[in-house]
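For reference, the structure discussed in these notes is given below.
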Amino acid sequence: MRIAVLADIHSNLRALEAVLASIGSVDAVWQLGDVVGYGPDPDAVVARLREAGAVGVRGNHDAAAVGDLEIEDFNADARVAMEWTRASLGLEAQAYLADLPEILVPGGFDFTLAHGSPRDPIWEYLFNTREARENLAAFHTTYCLVGHTHVPLVLRQKRHMERLSAGPESRLELDGRRAFLNPGSVGQPRDGDPTASYMLLDTAAGQAIWQRVSYDIVATQTAMRDAGLPPRLARRLSFGQ
Ligand code: ZN
């Protein structure tokens, strides 16, 4: 099976459309949370994910968007964007986000899906080997797919944990060693590369493959400005930060 793994789409419809177009035909779409927040098209992004038959989990922005999380913990720009998102979300998108679980293990697969980490799905950032090691006991499949940092990354169990960055066209053999795989962010990359990042799982070949795709960043920025979203959030898309 070929499975597309998308994370941190953040209401960026143009980035999502570019990713879905470049993926072509897949057997499943898994999303790792933060469907909304920051970007200008929350309803359209939710509708597009439903159309693609995506299954997945909720992130901190999704929880905040439906009132399950206070927004005092967000920084100033994120808070303004979240107030805008709450005000503009339609009922269907609200229902979709409210129904997303914090953890998902798709039936028949050896993958656990979480936004941040399996032990603290909404908030913890998995960046380094120490936190990764501490999280190994918090899930029961071989592999755990996470987002939240917006940085494509692998944290894999060797004798100690090892940390591998995952650039465009990176491939990882799924060799049975337990690992955390982060596909990077579709809608707001933060690894210095502004193109949309995602991952493909080829279960027959036993591989994970990272990909990047360009999208119309200026059009997203224009839509953000027209919506009155904070200019700094629009500018950062140009730099992948
Ligand atoms: Zn995010």
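Chain lettering (A, B, ...) mirrors the order of the structure tokens, residue numbering begins at 1 for each chain separately, and ligand numbering begins at 1 in order of display.
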Excluding Asp99 of chain A and residues on its chain fewer than 3 positions from it, collect all residues at most 12 Å away from it, counting only C-alpha atoms, and give them as a compact mmCIF listing (two decimals) with N, CA, C and O atoms, in the first residue's frame.
```
# COMPACT_ATOMS: atom_id res chain seq x y z
N VAL A 55 -7.81 10.14 7.35
CA VAL A 55 -8.06 9.87 8.76
C VAL A 55 -6.88 10.40 9.54
O VAL A 55 -5.78 10.56 8.99
N GLY A 56 -7.09 10.71 10.82
CA GLY A 56 -5.96 11.24 11.56
C GLY A 56 -6.32 11.71 12.94
O GLY A 56 -7.34 11.29 13.51
N VAL A 57 -5.47 12.58 13.46
CA VAL A 57 -5.55 13.00 14.86
C VAL A 57 -5.62 14.52 14.96
O VAL A 57 -5.42 15.23 13.98
N ARG A 58 -5.87 15.00 16.18
CA ARG A 58 -5.97 16.44 16.38
C ARG A 58 -4.68 17.00 16.96
O ARG A 58 -3.96 16.35 17.71
N GLY A 59 -4.41 18.24 16.59
CA GLY A 59 -3.29 18.97 17.17
C GLY A 59 -3.77 20.05 18.11
O GLY A 59 -4.99 20.22 18.32
N ASP A 62 -6.13 22.47 16.44
CA ASP A 62 -7.47 21.91 16.19
C ASP A 62 -8.30 21.91 17.49
O ASP A 62 -9.49 22.23 17.47
N ALA A 63 -7.65 21.53 18.59
CA ALA A 63 -8.34 21.51 19.88
C ALA A 63 -8.77 22.93 20.27
O ALA A 63 -9.89 23.15 20.74
N VAL A 66 -11.90 24.39 18.37
CA VAL A 66 -13.25 23.97 18.77
C VAL A 66 -13.50 24.18 20.27
O VAL A 66 -14.42 23.63 20.85
N ASP A 68 -11.71 23.33 22.92
CA ASP A 68 -11.26 22.32 23.89
C ASP A 68 -9.94 22.69 24.55
O ASP A 68 -9.43 21.93 25.37
N GLU A 92 -19.66 22.32 9.86
CA GLU A 92 -19.15 21.01 9.42
C GLU A 92 -17.70 20.84 9.80
O GLU A 92 -17.28 19.78 10.26
N ALA A 93 -16.91 21.90 9.60
CA ALA A 93 -15.49 21.81 9.96
C ALA A 93 -15.33 21.68 11.47
O ALA A 93 -14.50 20.91 11.96
N GLN A 94 -16.16 22.42 12.21
CA GLN A 94 -16.11 22.29 13.68
C GLN A 94 -16.38 20.86 14.11
O GLN A 94 -15.67 20.31 14.96
N ALA A 95 -17.38 20.24 13.50
CA ALA A 95 -17.74 18.86 13.89
C ALA A 95 -16.60 17.91 13.53
O ALA A 95 -16.27 17.00 14.31
N TYR A 96 -15.99 18.11 12.39
CA TYR A 96 -14.88 17.25 11.97
C TYR A 96 -13.72 17.35 12.95
O TYR A 96 -13.17 16.34 13.41
N GLU A 102 -6.99 11.94 19.84
CA GLU A 102 -5.62 12.39 20.10
C GLU A 102 -4.60 11.37 19.62
O GLU A 102 -3.46 11.72 19.31
N ILE A 103 -4.99 10.11 19.61
CA ILE A 103 -4.11 9.01 19.17
C ILE A 103 -4.90 8.12 18.24
O ILE A 103 -6.08 7.86 18.49
```
- Step one, run DSSP on the backbone; step two, keep only residues of segment 10-230 of chain A assigned to strand (DSSP E or B); then write them as a ChimeraX atom specification. /A:28-31,55-56,103-104,111-114,143-145,153-157,161-165,171-173,179-182,196-202,207-213
Those same residues, written as a PDB file, in the first residue's frame with C-alpha atoms?
```pdb
ATOM      1  CA  ALA A  28      -4.856   6.129   2.226  1.00  0.00           C
ATOM      2  CA  VAL A  29      -4.197   9.632   3.517  1.00  0.00           C
ATOM      3  CA  TRP A  30      -3.170   9.992   7.169  1.00  0.00           C
ATOM      4  CA  GLN A  31      -2.982  13.435   8.771  1.00  0.00           C
ATOM      5  CA  VAL A  55      -8.064   9.866   8.765  1.00  0.00           C
ATOM      6  CA  GLY A  56      -5.957  11.244  11.560  1.00  0.00           C
ATOM      7  CA  ILE A 103      -4.107   9.015  19.175  1.00  0.00           C
ATOM      8  CA  LEU A 104      -4.948   6.728  16.271  1.00  0.00           C
ATOM      9  CA  PHE A 111       1.886   2.716  13.001  1.00  0.00           C
ATOM     10  CA  THR A 112       0.635   4.955  15.811  1.00  0.00           C
ATOM     11  CA  LEU A 113      -0.415   8.481  14.834  1.00  0.00           C
ATOM     12  CA  ALA A 114      -0.036  11.410  17.260  1.00  0.00           C
ATOM     13  CA  TYR A 143       6.521   3.059  14.361  1.00  0.00           C
ATOM     14  CA  CYS A 144       5.054   6.321  15.603  1.00  0.00           C
ATOM     15  CA  LEU A 145       4.201   9.153  13.204  1.00  0.00           C
ATOM     16  CA  LEU A 153      12.960  14.117  11.135  1.00  0.00           C
ATOM     17  CA  VAL A 154      13.568  10.525  12.216  1.00  0.00           C
ATOM     18  CA  LEU A 155      14.328   9.431  15.775  1.00  0.00           C
ATOM     19  CA  ARG A 156      15.199   5.739  15.660  1.00  0.00           C
ATOM     20  CA  GLN A 157      16.115   3.160  18.236  1.00  0.00           C
ATOM     21  CA  MET A 161      18.354   6.579  19.969  1.00  0.00           C
ATOM     22  CA  GLU A 162      19.686   8.170  16.784  1.00  0.00           C
ATOM     23  CA  ARG A 163      18.444  11.353  15.165  1.00  0.00           C
ATOM     24  CA  LEU A 164      18.367  11.603  11.357  1.00  0.00           C
ATOM     25  CA  SER A 165      17.251  14.629   9.377  1.00  0.00           C
ATOM     26  CA  ARG A 171      14.318   7.256   2.229  1.00  0.00           C
ATOM     27  CA  LEU A 172      14.177   5.238   5.393  1.00  0.00           C
ATOM     28  CA  GLU A 173      14.051   1.463   5.457  1.00  0.00           C
ATOM     29  CA  ALA A 179      11.196   4.866  15.301  1.00  0.00           C
ATOM     30  CA  PHE A 180       9.426   8.204  15.320  1.00  0.00           C
ATOM     31  CA  LEU A 181       8.905   9.613  11.826  1.00  0.00           C
ATOM     32  CA  ASN A 182       7.997  13.255  11.217  1.00  0.00           C
ATOM     33  CA  ALA A 196       5.449  21.929   1.366  1.00  0.00           C
ATOM     34  CA  SER A 197       6.796  18.780   3.036  1.00  0.00           C
ATOM     35  CA  TYR A 198       5.142  15.363   3.270  1.00  0.00           C
ATOM     36  CA  MET A 199       5.952  11.666   3.482  1.00  0.00           C
ATOM     37  CA  LEU A 200       4.907   8.579   1.580  1.00  0.00           C
ATOM     38  CA  LEU A 201       4.815   5.137   3.176  1.00  0.00           C
ATOM     39  CA  ASP A 202       5.300   2.228   0.814  1.00  0.00           C
ATOM     40  CA  GLN A 207      10.092   2.351   3.010  1.00  0.00           C
ATOM     41  CA  ALA A 208       9.237   5.875   4.084  1.00  0.00           C
ATOM     42  CA  ILE A 209      10.027   8.549   1.486  1.00  0.00           C
ATOM     43  CA  TRP A 210      10.090  12.312   2.168  1.00  0.00           C
ATOM     44  CA  GLN A 211       9.059  14.726  -0.571  1.00  0.00           C
ATOM     45  CA  ARG A 212       8.840  18.495  -1.100  1.00  0.00           C
ATOM     46  CA  VAL A 213       6.597  20.359  -3.488  1.00  0.00           C
TER      47      VAL A 213
END
```
- Task: Between atom CA of Trp84 of chain A and atom CA of Ala234 of chain A, measure the distance and give it in Å to one decimal.
- Result: 14.3 Å
- Protein and nucleic acid residues within 8 Å of ligand 1 (only C-alpha atoms and all ligand atoms) as number ranges by chain: A: 7-10, 33-34, 37, 59-61, 147-150, 185, 188
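Non-sequential neighbours of segment 14-27 of chain A (distance at most 9 Å, separation of 5 or more positions within a chain, only C-alpha atoms) are Met1, Arg2, Ile3, Ala4, Leu6, Ile9, Asp41, Val45, Arg48, Leu49, Ala52, Val186, Gly187, Gln188, Thr195, Ala196, Ser197, Tyr198, Leu200, Arg212, Val213, Ser214, Tyr215, Asp216, Ile217, Ala219 and Thr220 of chain A.
Here atom CA of Leu126 of chain A is placed at a distance of 26.0 Å from atom CA of Thr85 of chain A.
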